[in-house]
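**Student:** Okay, handing you the structure first.
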Amino acid sequence: MRRFTWSKREMAVCHRIRQMRERLGMTQEECAGQVGIERSALVNYELGRTPLRYDIGLRICRQLIVSEEWLATGRYDACRAAAVGMGFPKDKDWKAIEDGVFFRQCVDLLSEGIALHIMPGTLFSDAYEQHLHGKYAELVRQFFHYPRLCFSDADKPELAVELIKVVNERHLLMLLSMAGHAEGQPANANVWTAYTRQVIEANHAILQKMLGKSGKDDEAARGREVLRR
């Protein structure tokens, strides 16, 4: 059997696939099932036996809600630039924000028209560098505060549940990073109270609508009232 030697860049992408799966706490079976590929295909990607095509790479990022920039390059350049534009200090310690916020900054490039014009078989890192990095940076600026997914009827409810979880986790991390006073001081209690109240009210309203109910649940209303005091 003929052996191919992939570039260091492609091998790094394969390494990040495994790193991504382990960071998400998923088995190979779980990861492959969520992406919609065979476990054997995932194993080949992780071991560097098969280079990652752009369409599979974009699907991985979408289904697992992971940054296309990170999987393609291992960096967060566009995310950092967007964060600074949103008011994050340039000289901040980015580690916690990168791991908890930027890592999950998917913008669903698979749904973009530009992805349809990439030559079939193009490797993921090549496609990102040559075609997709500008669109990613543009969408990150537009959707910085939450990952962006364009849902279709083919998507499973579990993907929406995971997106809600990721959005809330990211918001909490951003508040923790931005709402404090001087270093070492506690975060502004008013900010946390306002955020918590809005999350409770939004989730309660959505649940009531899904259950086909109108009016307010007394217990939930009392909980929101406590936060207003």
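By convention in this document, the chains of the structure tokens carry letters A, B, ... by their order, each chain's residues are numbered from 1, and ligands are numbered from 1 in the order they are shown.
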Could the residues of stretch 85-182 of chain A that have an atom at most 12 Å from stretch 24-46 of chain A be listed as CSV, each with its closest atom pair and the distance in Å to one decimal, counting only C-alpha atoms and ordered by chain and ascending residue number?
**Tutor:**
```
residue,atom,partner,partner_atom,distance
A:Asp99,CA,A:Leu24,CA,11.2
A:Gly100,CA,A:Leu24,CA,11.1
A:Phe103,CA,A:Leu24,CA,10.5
A:Arg104,CA,A:Leu24,CA,10.2
A:Phe124,CA,A:Tyr45,CA,11.8
A:Ala154,CA,A:Gly36,CA,11.7
A:Asp155,CA,A:Gln34,CA,10.4
A:Lys156,CA,A:Gln34,CA,9.4
A:Pro157,CA,A:Gln34,CA,11.7
A:Glu158,CA,A:Gln34,CA,9.3
A:Leu159,CA,A:Gln34,CA,8.7
A:Glu162,CA,A:Gln34,CA,11.4
A:Val166,CA,A:Leu24,CA,11.3
```
**Student:** So what do you get for atom CA of A:Val107 versus atom CA of A:Leu149, distance-wise?
**Tutor:**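 So the two atoms, atom CA of A:Val107 and atom CA of A:Leu149, lie 6.3 Å apart.
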**Student:** So which bits of stretch 36-206 of chain A end up strand (DSSP E or B) when you DSSP the backbone, as a PDB file with N, CA and C atoms, in the first residue's frame?
**Tutor:**
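The resulting file, result.pdb, is reproduced below:
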```
ATOM      1  N   ARG A  53     -10.586  16.606   4.946  1.00  0.00           N
ATOM      2  CA  ARG A  53     -11.156  17.426   3.885  1.00  0.00           C
ATOM      3  C   ARG A  53     -11.953  18.572   4.491  1.00  0.00           C
ATOM      4  N   LEU A 123      -8.154  20.169   1.212  1.00  0.00           N
ATOM      5  CA  LEU A 123      -7.896  19.909   2.621  1.00  0.00           C
ATOM      6  C   LEU A 123      -8.393  21.074   3.475  1.00  0.00           C
ATOM      7  N   GLY A 180     -15.576  42.481  36.678  1.00  0.00           N
ATOM      8  CA  GLY A 180     -14.861  42.779  37.908  1.00  0.00           C
ATOM      9  C   GLY A 180     -14.358  44.207  37.958  1.00  0.00           C
ATOM     10  N   ALA A 187     -16.674  40.606  41.306  1.00  0.00           N
ATOM     11  CA  ALA A 187     -17.420  41.162  40.187  1.00  0.00           C
ATOM     12  C   ALA A 187     -18.596  41.990  40.690  1.00  0.00           C
TER      13      ALA A 187
END
```
**Student:** Please run DSSP on the backbone and report, as number ranges by chain, all residues within stretch 67-167 of chain A that come out as helix (DSSP H, G or I).
**Tutor:** A: 68-73, 77-85, 95-100, 102-104, 109-111, 113-117, 124-142, 157-167
**Student:** Which one of A:Ala82, A:Ala12, A:Val199, A:Leu173 sits closest to A:Pro51 if you count only C-alpha atoms?
**Tutor:** A:Ala12
**Student:** Kindly indicate which residue among A:Arg80, A:Leu175, A:Gly74, A:Pro147 lies nearest to A:Ala194, using only C-alpha atoms for the distances.
**Tutor:**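 Of A:Arg80, A:Leu175, A:Gly74, A:Pro147, the one nearest A:Ala194, counting only C-alpha atoms, is A:Leu175.
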**Student:** Return the single residue from A:Trp94, A:Tyr54, A:Phe88, A:Phe143 that is closest to A:Ala115, with distances computed using only C-alpha atoms.
**Tutor:**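 Once distances to A:Ala115 are computed over only C-alpha atoms, the minimum belongs to A:Tyr54.
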**Student:** Atom CA of A:Val13 to atom CA of A:Leu71: how many Å, to one decimal?
**Tutor:**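 Atom-to-atom, atom CA of A:Val13 to atom CA of A:Leu71, that is 6.2 Å.
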